[in-house]
Amino acid sequence: MPKDSGTFWEDNMNVKLSIALVAGVALLVSACGSSPDSLILGKWEVASAQAGGVDVGAGEIGKAIQMSAEFNRDGTAKVSMFGRTLQGTYKLDGGNELEWTMNGITTKSKVNVTATELELTDDANRTIKYKRK
């Protein structure tokens, strides 16, 4: 028995509505994962550095000393350089300030993080830019 055209359009509209609903939920879930708290997670390597707005060539220095940082979901962090790794903790305050403690020394930096870049600037206007490993 052939479908009458009214049923076909009703069924087709239900499919379209379902697809739109799934796409909206997927968009909402992906937007929730873009917070600085989630973006900072993972391994980072030094790409460049500036002091007072002047490039100090840290990309080459970072590669030579193999400097990297790693941030974990549980609030622990690692900084590696010269083949040695320091372990510590970190937290993001208000999404734009990173406070981390390594070997009992606590520092604060302004943070700007995207999916591929992490930029930390301290109170002395020194900036280190990392790229995701």
# chains A, B, ... in the order shown; residues from 1 in each chain; ligands from 1
$ residues_around --residues "Lys43 (chain A)" --least-positions-apart "2" --cutoff "10 Å" --atoms "only C-alpha atoms" --output "list in words"
Ile40, Leu41, Glu45, Ser68, Ala69, Glu70, Phe71, Asn72, Ala77, Lys78, Val79, Tyr130, Lys131, Arg132 and Lys133 of chain A
$ residues_around --residues "region 35-37 of chain A" --least-positions-apart "2" --cutoff "9 Å" --atoms "only C-alpha atoms" --output "PDB file with N, CA and C atoms, in the first residue's frame"
ATOM      1  N   ALA A  31      30.698  23.015  23.231  1.00  0.00           N
ATOM      2  CA  ALA A  31      30.957  24.341  23.797  1.00  0.00           C
ATOM      3  C   ALA A  31      31.319  24.239  25.269  1.00  0.00           C
ATOM      4  N   CYS A  32      30.741  23.282  25.970  1.00  0.00           N
ATOM      5  CA  CYS A  32      31.055  23.101  27.390  1.00  0.00           C
ATOM      6  C   CYS A  32      32.491  22.652  27.585  1.00  0.00           C
ATOM      7  N   GLY A  33      33.072  21.943  26.622  1.00  0.00           N
ATOM      8  CA  GLY A  33      34.426  21.433  26.746  1.00  0.00           C
ATOM      9  C   GLY A  33      35.486  22.464  26.420  1.00  0.00           C
ATOM     10  N   LEU A  39      40.778  23.226  28.435  1.00  0.00           N
ATOM     11  CA  LEU A  39      41.748  23.480  27.369  1.00  0.00           C
ATOM     12  C   LEU A  39      43.194  23.356  27.834  1.00  0.00           C
ATOM     13  N   ILE A  40      43.476  23.659  29.100  1.00  0.00           N
ATOM     14  CA  ILE A  40      44.855  23.635  29.589  1.00  0.00           C
ATOM     15  C   ILE A  40      45.379  22.205  29.760  1.00  0.00           C
ATOM     16  N   LEU A  41      44.488  21.242  29.845  1.00  0.00           N
ATOM     17  CA  LEU A  41      44.900  19.866  30.091  1.00  0.00           C
ATOM     18  C   LEU A  41      45.761  19.324  28.963  1.00  0.00           C
ATOM     19  N   ARG A  73      44.097  16.627  34.904  1.00  0.00           N
ATOM     20  CA  ARG A  73      42.743  16.912  35.383  1.00  0.00           C
ATOM     21  C   ARG A  73      42.664  16.983  36.912  1.00  0.00           C
ATOM     22  N   LYS A  91      46.133  25.609  39.751  1.00  0.00           N
ATOM     23  CA  LYS A  91      44.697  25.886  39.691  1.00  0.00           C
ATOM     24  C   LYS A  91      44.491  27.145  38.867  1.00  0.00           C
ATOM     25  N   LEU A  92      43.363  27.180  38.206  1.00  0.00           N
ATOM     26  CA  LEU A  92      42.971  28.357  37.433  1.00  0.00           C
ATOM     27  C   LEU A  92      41.947  29.125  38.259  1.00  0.00           C
ATOM     28  N   GLY A  95      39.428  31.630  35.484  1.00  0.00           N
ATOM     29  CA  GLY A  95      39.640  31.306  34.083  1.00  0.00           C
ATOM     30  C   GLY A  95      40.782  32.034  33.414  1.00  0.00           C
ATOM     31  N   ASN A  96      41.346  33.097  34.042  1.00  0.00           N
ATOM     32  CA  ASN A  96      42.420  33.821  33.356  1.00  0.00           C
ATOM     33  C   ASN A  96      43.665  33.995  34.221  1.00  0.00           C
ATOM     34  N   VAL A 111      46.790  33.853  32.119  1.00  0.00           N
ATOM     35  CA  VAL A 111      46.783  32.752  31.163  1.00  0.00           C
ATOM     36  C   VAL A 111      45.806  33.033  30.030  1.00  0.00           C
ATOM     37  N   ASN A 112      46.225  32.673  28.836  1.00  0.00           N
ATOM     38  CA  ASN A 112      45.374  32.695  27.655  1.00  0.00           C
ATOM     39  C   ASN A 112      45.582  31.350  26.979  1.00  0.00           C
ATOM     40  N   VAL A 113      44.538  30.545  26.895  1.00  0.00           N
ATOM     41  CA  VAL A 113      44.693  29.200  26.352  1.00  0.00           C
ATOM     42  C   VAL A 113      43.640  28.927  25.288  1.00  0.00           C
ATOM     43  N   THR A 114      44.102  28.306  24.196  1.00  0.00           N
ATOM     44  CA  THR A 114      43.223  27.827  23.131  1.00  0.00           C
ATOM     45  C   THR A 114      43.486  26.331  22.981  1.00  0.00           C
TER      46      THR A 114
END
$ residues_around --residues "region 126-129 of chain A" --least-positions-apart "4" --cutoff "10 Å" --atoms "only C-alpha atoms" --output "list in words"
Trp44, Glu45, Val46, Ala47, Ser48, Ala49, Gln50, Ala51, Gly52, Gly53, Val54, Asp55, Val56, Ala58, Gly59, Ser109, Lys110, Val111, Asn112, Val113, Glu117, Leu118, Glu119, Leu120, Thr121 and Asp122 of chain A
$ write_last_selection --atoms "N, CA and C atoms" --output "compact mmCIF listing (two decimals), in the first residue's frame"
# COMPACT_ATOMS: atom_id res chain seq x y z
N TRP A 44 52.48 20.38 26.81
CA TRP A 44 52.82 21.60 26.08
C TRP A 44 54.33 21.73 25.97
N GLU A 45 54.82 22.30 24.86
CA GLU A 45 56.25 22.58 24.73
C GLU A 45 56.45 24.05 24.40
N VAL A 46 57.56 24.61 24.86
CA VAL A 46 57.84 26.03 24.66
C VAL A 46 57.97 26.34 23.17
N ALA A 47 57.27 27.38 22.73
CA ALA A 47 57.34 27.84 21.35
C ALA A 47 58.10 29.16 21.24
N SER A 48 57.88 30.06 22.23
CA SER A 48 58.56 31.36 22.21
C SER A 48 58.44 32.01 23.58
N ALA A 49 59.21 33.08 23.77
CA ALA A 49 59.14 33.84 25.02
C ALA A 49 59.46 35.29 24.74
N GLN A 50 58.89 36.16 25.57
CA GLN A 50 59.14 37.59 25.47
C GLN A 50 59.37 38.15 26.87
N ALA A 51 60.23 39.14 26.94
CA ALA A 51 60.44 39.88 28.19
C ALA A 51 60.25 41.34 27.86
N GLY A 52 59.25 41.97 28.47
CA GLY A 52 58.95 43.36 28.18
C GLY A 52 58.55 43.59 26.74
N GLY A 53 57.95 42.59 26.11
CA GLY A 53 57.51 42.70 24.72
C GLY A 53 58.58 42.40 23.70
N VAL A 54 59.80 42.05 24.14
CA VAL A 54 60.90 41.76 23.21
C VAL A 54 61.12 40.24 23.17
N ASP A 55 61.15 39.69 21.95
CA ASP A 55 61.35 38.25 21.77
C ASP A 55 62.74 37.86 22.27
N VAL A 56 62.81 36.81 23.09
CA VAL A 56 64.10 36.36 23.62
C VAL A 56 64.53 35.03 23.03
N ALA A 58 63.14 32.04 22.86
CA ALA A 58 62.95 30.86 23.72
C ALA A 58 62.57 29.62 22.92
N GLY A 59 62.10 29.79 21.69
CA GLY A 59 61.77 28.61 20.88
C GLY A 59 62.99 27.73 20.71
N SER A 109 50.38 33.67 37.09
CA SER A 109 50.51 34.21 35.74
C SER A 109 49.14 34.41 35.15
N LYS A 110 49.04 35.41 34.28
CA LYS A 110 47.83 35.56 33.47
C LYS A 110 47.91 34.48 32.41
N VAL A 111 46.79 33.85 32.12
CA VAL A 111 46.78 32.75 31.16
C VAL A 111 45.81 33.03 30.03
N ASN A 112 46.22 32.67 28.84
CA ASN A 112 45.37 32.70 27.66
C ASN A 112 45.58 31.35 26.98
N VAL A 113 44.54 30.54 26.90
CA VAL A 113 44.69 29.20 26.35
C VAL A 113 43.64 28.93 25.29
N GLU A 117 47.36 26.59 21.69
CA GLU A 117 48.37 27.49 22.27
C GLU A 117 48.06 27.83 23.72
N LEU A 118 49.13 27.96 24.50
CA LEU A 118 49.03 28.36 25.90
C LEU A 118 50.01 29.50 26.10
N GLU A 119 49.53 30.62 26.63
CA GLU A 119 50.36 31.81 26.85
C GLU A 119 50.28 32.19 28.32
N LEU A 120 51.44 32.28 28.97
CA LEU A 120 51.52 32.66 30.38
C LEU A 120 52.33 33.95 30.50
N THR A 121 51.76 34.95 31.20
CA THR A 121 52.45 36.23 31.40
C THR A 121 52.49 36.52 32.89
N ASP A 122 53.71 36.76 33.42
CA ASP A 122 53.84 37.02 34.86
C ASP A 122 53.75 38.52 35.14
$ closest_residue --among "A:Leu86, A:Lys108, A:Thr101, A:Asp74" --to "Asn125 (chain A)" --atoms "only C-alpha atoms"
A:Lys108
$ decode --residues "region 42-90 of chain A" --atoms "N, CA and C atoms" --output "PDB file, in the first residue's frame"
ATOM      1  N   GLY A  42      46.823  18.599  29.333  1.00  0.00           N
ATOM      2  CA  GLY A  42      47.668  17.963  28.333  1.00  0.00           C
ATOM      3  C   GLY A  42      49.106  18.414  28.408  1.00  0.00           C
ATOM      4  N   LYS A  43      49.861  18.061  27.361  1.00  0.00           N
ATOM      5  CA  LYS A  43      51.297  18.343  27.306  1.00  0.00           C
ATOM      6  C   LYS A  43      51.566  19.519  26.370  1.00  0.00           C
ATOM      7  N   TRP A  44      52.480  20.385  26.809  1.00  0.00           N
ATOM      8  CA  TRP A  44      52.819  21.603  26.081  1.00  0.00           C
ATOM      9  C   TRP A  44      54.334  21.729  25.973  1.00  0.00           C
ATOM     10  N   GLU A  45      54.820  22.303  24.858  1.00  0.00           N
ATOM     11  CA  GLU A  45      56.248  22.579  24.726  1.00  0.00           C
ATOM     12  C   GLU A  45      56.448  24.049  24.395  1.00  0.00           C
ATOM     13  N   VAL A  46      57.562  24.611  24.856  1.00  0.00           N
ATOM     14  CA  VAL A  46      57.837  26.035  24.659  1.00  0.00           C
ATOM     15  C   VAL A  46      57.971  26.338  23.167  1.00  0.00           C
ATOM     16  N   ALA A  47      57.269  27.383  22.734  1.00  0.00           N
ATOM     17  CA  ALA A  47      57.344  27.837  21.348  1.00  0.00           C
ATOM     18  C   ALA A  47      58.098  29.157  21.241  1.00  0.00           C
ATOM     19  N   SER A  48      57.882  30.063  22.226  1.00  0.00           N
ATOM     20  CA  SER A  48      58.558  31.358  22.209  1.00  0.00           C
ATOM     21  C   SER A  48      58.444  32.009  23.577  1.00  0.00           C
ATOM     22  N   ALA A  49      59.211  33.079  23.772  1.00  0.00           N
ATOM     23  CA  ALA A  49      59.140  33.841  25.025  1.00  0.00           C
ATOM     24  C   ALA A  49      59.462  35.294  24.744  1.00  0.00           C
ATOM     25  N   GLN A  50      58.894  36.160  25.572  1.00  0.00           N
ATOM     26  CA  GLN A  50      59.141  37.590  25.473  1.00  0.00           C
ATOM     27  C   GLN A  50      59.365  38.154  26.866  1.00  0.00           C
ATOM     28  N   ALA A  51      60.232  39.137  26.944  1.00  0.00           N
ATOM     29  CA  ALA A  51      60.440  39.879  28.191  1.00  0.00           C
ATOM     30  C   ALA A  51      60.245  41.341  27.858  1.00  0.00           C
ATOM     31  N   GLY A  52      59.254  41.968  28.473  1.00  0.00           N
ATOM     32  CA  GLY A  52      58.952  43.365  28.184  1.00  0.00           C
ATOM     33  C   GLY A  52      58.553  43.592  26.741  1.00  0.00           C
ATOM     34  N   GLY A  53      57.947  42.586  26.109  1.00  0.00           N
ATOM     35  CA  GLY A  53      57.513  42.704  24.725  1.00  0.00           C
ATOM     36  C   GLY A  53      58.582  42.397  23.698  1.00  0.00           C
ATOM     37  N   VAL A  54      59.804  42.054  24.136  1.00  0.00           N
ATOM     38  CA  VAL A  54      60.902  41.756  23.214  1.00  0.00           C
ATOM     39  C   VAL A  54      61.115  40.244  23.166  1.00  0.00           C
ATOM     40  N   ASP A  55      61.146  39.687  21.947  1.00  0.00           N
ATOM     41  CA  ASP A  55      61.350  38.253  21.774  1.00  0.00           C
ATOM     42  C   ASP A  55      62.742  37.862  22.268  1.00  0.00           C
ATOM     43  N   VAL A  56      62.813  36.810  23.087  1.00  0.00           N
ATOM     44  CA  VAL A  56      64.098  36.365  23.620  1.00  0.00           C
ATOM     45  C   VAL A  56      64.530  35.026  23.028  1.00  0.00           C
ATOM     46  N   GLY A  57      63.909  34.602  21.955  1.00  0.00           N
ATOM     47  CA  GLY A  57      64.342  33.396  21.262  1.00  0.00           C
ATOM     48  C   GLY A  57      64.165  32.112  22.057  1.00  0.00           C
ATOM     49  N   ALA A  58      63.136  32.039  22.865  1.00  0.00           N
ATOM     50  CA  ALA A  58      62.953  30.860  23.717  1.00  0.00           C
ATOM     51  C   ALA A  58      62.570  29.624  22.923  1.00  0.00           C
ATOM     52  N   GLY A  59      62.098  29.786  21.695  1.00  0.00           N
ATOM     53  CA  GLY A  59      61.773  28.614  20.882  1.00  0.00           C
ATOM     54  C   GLY A  59      62.987  27.733  20.713  1.00  0.00           C
ATOM     55  N   GLU A  60      64.102  28.333  20.334  1.00  0.00           N
ATOM     56  CA  GLU A  60      65.345  27.580  20.176  1.00  0.00           C
ATOM     57  C   GLU A  60      65.870  27.124  21.536  1.00  0.00           C
ATOM     58  N   ILE A  61      65.772  28.013  22.530  1.00  0.00           N
ATOM     59  CA  ILE A  61      66.233  27.667  23.881  1.00  0.00           C
ATOM     60  C   ILE A  61      65.377  26.528  24.436  1.00  0.00           C
ATOM     61  N   GLY A  62      64.054  26.639  24.260  1.00  0.00           N
ATOM     62  CA  GLY A  62      63.145  25.597  24.746  1.00  0.00           C
ATOM     63  C   GLY A  62      63.448  24.249  24.136  1.00  0.00           C
ATOM     64  N   LYS A  63      63.777  24.239  22.841  1.00  0.00           N
ATOM     65  CA  LYS A  63      64.130  22.974  22.195  1.00  0.00           C
ATOM     66  C   LYS A  63      65.463  22.457  22.719  1.00  0.00           C
ATOM     67  N   ALA A  64      66.403  23.355  22.933  1.00  0.00           N
ATOM     68  CA  ALA A  64      67.729  22.939  23.401  1.00  0.00           C
ATOM     69  C   ALA A  64      67.658  22.359  24.813  1.00  0.00           C
ATOM     70  N   ILE A  65      66.836  22.959  25.668  1.00  0.00           N
ATOM     71  CA  ILE A  65      66.741  22.459  27.043  1.00  0.00           C
ATOM     72  C   ILE A  65      65.557  21.515  27.215  1.00  0.00           C
ATOM     73  N   GLN A  66      64.846  21.262  26.127  1.00  0.00           N
ATOM     74  CA  GLN A  66      63.693  20.370  26.122  1.00  0.00           C
ATOM     75  C   GLN A  66      62.693  20.758  27.210  1.00  0.00           C
ATOM     76  N   MET A  67      62.293  22.014  27.194  1.00  0.00           N
ATOM     77  CA  MET A  67      61.365  22.523  28.202  1.00  0.00           C
ATOM     78  C   MET A  67      59.925  22.246  27.797  1.00  0.00           C
ATOM     79  N   SER A  68      59.176  21.686  28.739  1.00  0.00           N
ATOM     80  CA  SER A  68      57.768  21.391  28.490  1.00  0.00           C
ATOM     81  C   SER A  68      56.984  21.460  29.799  1.00  0.00           C
ATOM     82  N   ALA A  69      55.677  21.506  29.671  1.00  0.00           N
ATOM     83  CA  ALA A  69      54.783  21.523  30.837  1.00  0.00           C
ATOM     84  C   ALA A  69      53.638  20.562  30.561  1.00  0.00           C
ATOM     85  N   GLU A  70      53.110  20.008  31.638  1.00  0.00           N
ATOM     86  CA  GLU A  70      51.969  19.103  31.513  1.00  0.00           C
ATOM     87  C   GLU A  70      50.994  19.390  32.645  1.00  0.00           C
ATOM     88  N   PHE A  71      49.713  19.532  32.292  1.00  0.00           N
ATOM     89  CA  PHE A  71      48.657  19.813  33.259  1.00  0.00           C
ATOM     90  C   PHE A  71      47.658  18.662  33.239  1.00  0.00           C
ATOM     91  N   ASN A  72      47.347  18.130  34.415  1.00  0.00           N
ATOM     92  CA  ASN A  72      46.445  16.986  34.541  1.00  0.00           C
ATOM     93  C   ASN A  72      45.125  17.407  35.179  1.00  0.00           C
ATOM     94  N   ARG A  73      44.097  16.627  34.904  1.00  0.00           N
ATOM     95  CA  ARG A  73      42.743  16.912  35.383  1.00  0.00           C
ATOM     96  C   ARG A  73      42.664  16.983  36.912  1.00  0.00           C
ATOM     97  N   ASP A  74      43.540  16.239  37.617  1.00  0.00           N
ATOM     98  CA  ASP A  74      43.486  16.194  39.080  1.00  0.00           C
ATOM     99  C   ASP A  74      44.189  17.370  39.754  1.00  0.00           C
ATOM    100  N   GLY A  75      44.632  18.372  38.969  1.00  0.00           N
ATOM    101  CA  GLY A  75      45.273  19.559  39.541  1.00  0.00           C
ATOM    102  C   GLY A  75      46.767  19.417  39.729  1.00  0.00           C
ATOM    103  N   THR A  76      47.345  18.329  39.238  1.00  0.00           N
ATOM    104  CA  THR A  76      48.795  18.170  39.305  1.00  0.00           C
ATOM    105  C   THR A  76      49.409  18.663  38.005  1.00  0.00           C
ATOM    106  N   ALA A  77      50.673  19.082  38.106  1.00  0.00           N
ATOM    107  CA  ALA A  77      51.384  19.601  36.939  1.00  0.00           C
ATOM    108  C   ALA A  77      52.829  19.131  36.978  1.00  0.00           C
ATOM    109  N   LYS A  78      53.454  19.104  35.806  1.00  0.00           N
ATOM    110  CA  LYS A  78      54.874  18.777  35.685  1.00  0.00           C
ATOM    111  C   LYS A  78      55.512  19.809  34.776  1.00  0.00           C
ATOM    112  N   VAL A  79      56.711  20.227  35.141  1.00  0.00           N
ATOM    113  CA  VAL A  79      57.525  21.069  34.265  1.00  0.00           C
ATOM    114  C   VAL A  79      58.840  20.334  34.079  1.00  0.00           C
ATOM    115  N   SER A  80      59.211  20.129  32.824  1.00  0.00           N
ATOM    116  CA  SER A  80      60.451  19.415  32.525  1.00  0.00           C
ATOM    117  C   SER A  80      61.411  20.329  31.786  1.00  0.00           C
ATOM    118  N   MET A  81      62.677  20.285  32.205  1.00  0.00           N
ATOM    119  CA  MET A  81      63.735  21.002  31.491  1.00  0.00           C
ATOM    120  C   MET A  81      65.069  20.386  31.870  1.00  0.00           C
ATOM    121  N   PHE A  82      66.009  20.439  30.955  1.00  0.00           N
ATOM    122  CA  PHE A  82      67.332  19.848  31.166  1.00  0.00           C
ATOM    123  C   PHE A  82      67.225  18.379  31.565  1.00  0.00           C
ATOM    124  N   GLY A  83      66.199  17.690  31.104  1.00  0.00           N
ATOM    125  CA  GLY A  83      66.041  16.282  31.428  1.00  0.00           C
ATOM    126  C   GLY A  83      65.525  16.015  32.829  1.00  0.00           C
ATOM    127  N   ARG A  84      65.191  17.051  33.579  1.00  0.00           N
ATOM    128  CA  ARG A  84      64.665  16.897  34.943  1.00  0.00           C
ATOM    129  C   ARG A  84      63.215  17.339  34.974  1.00  0.00           C
ATOM    130  N   THR A  85      62.450  16.698  35.817  1.00  0.00           N
ATOM    131  CA  THR A  85      61.027  17.010  35.925  1.00  0.00           C
ATOM    132  C   THR A  85      60.689  17.460  37.333  1.00  0.00           C
ATOM    133  N   LEU A  86      60.022  18.598  37.433  1.00  0.00           N
ATOM    134  CA  LEU A  86      59.501  19.102  38.699  1.00  0.00           C
ATOM    135  C   LEU A  86      58.016  18.807  38.737  1.00  0.00           C
ATOM    136  N   GLN A  87      57.541  18.303  39.874  1.00  0.00           N
ATOM    137  CA  GLN A  87      56.131  18.002  40.035  1.00  0.00           C
ATOM    138  C   GLN A  87      55.512  19.027  40.966  1.00  0.00           C
ATOM    139  N   GLY A  88      54.273  19.344  40.730  1.00  0.00           N
ATOM    140  CA  GLY A  88      53.593  20.304  41.588  1.00  0.00           C
ATOM    141  C   GLY A  88      52.097  20.292  41.362  1.00  0.00           C
ATOM    142  N   THR A  89      51.470  21.394  41.732  1.00  0.00           N
ATOM    143  CA  THR A  89      50.028  21.529  41.587  1.00  0.00           C
ATOM    144  C   THR A  89      49.717  22.848  40.879  1.00  0.00           C
ATOM    145  N   TYR A  90      48.511  22.948  40.372  1.00  0.00           N
ATOM    146  CA  TYR A  90      48.074  24.189  39.726  1.00  0.00           C
ATOM    147  C   TYR A  90      46.586  24.363  39.937  1.00  0.00           C
TER     148      TYR A  90
END
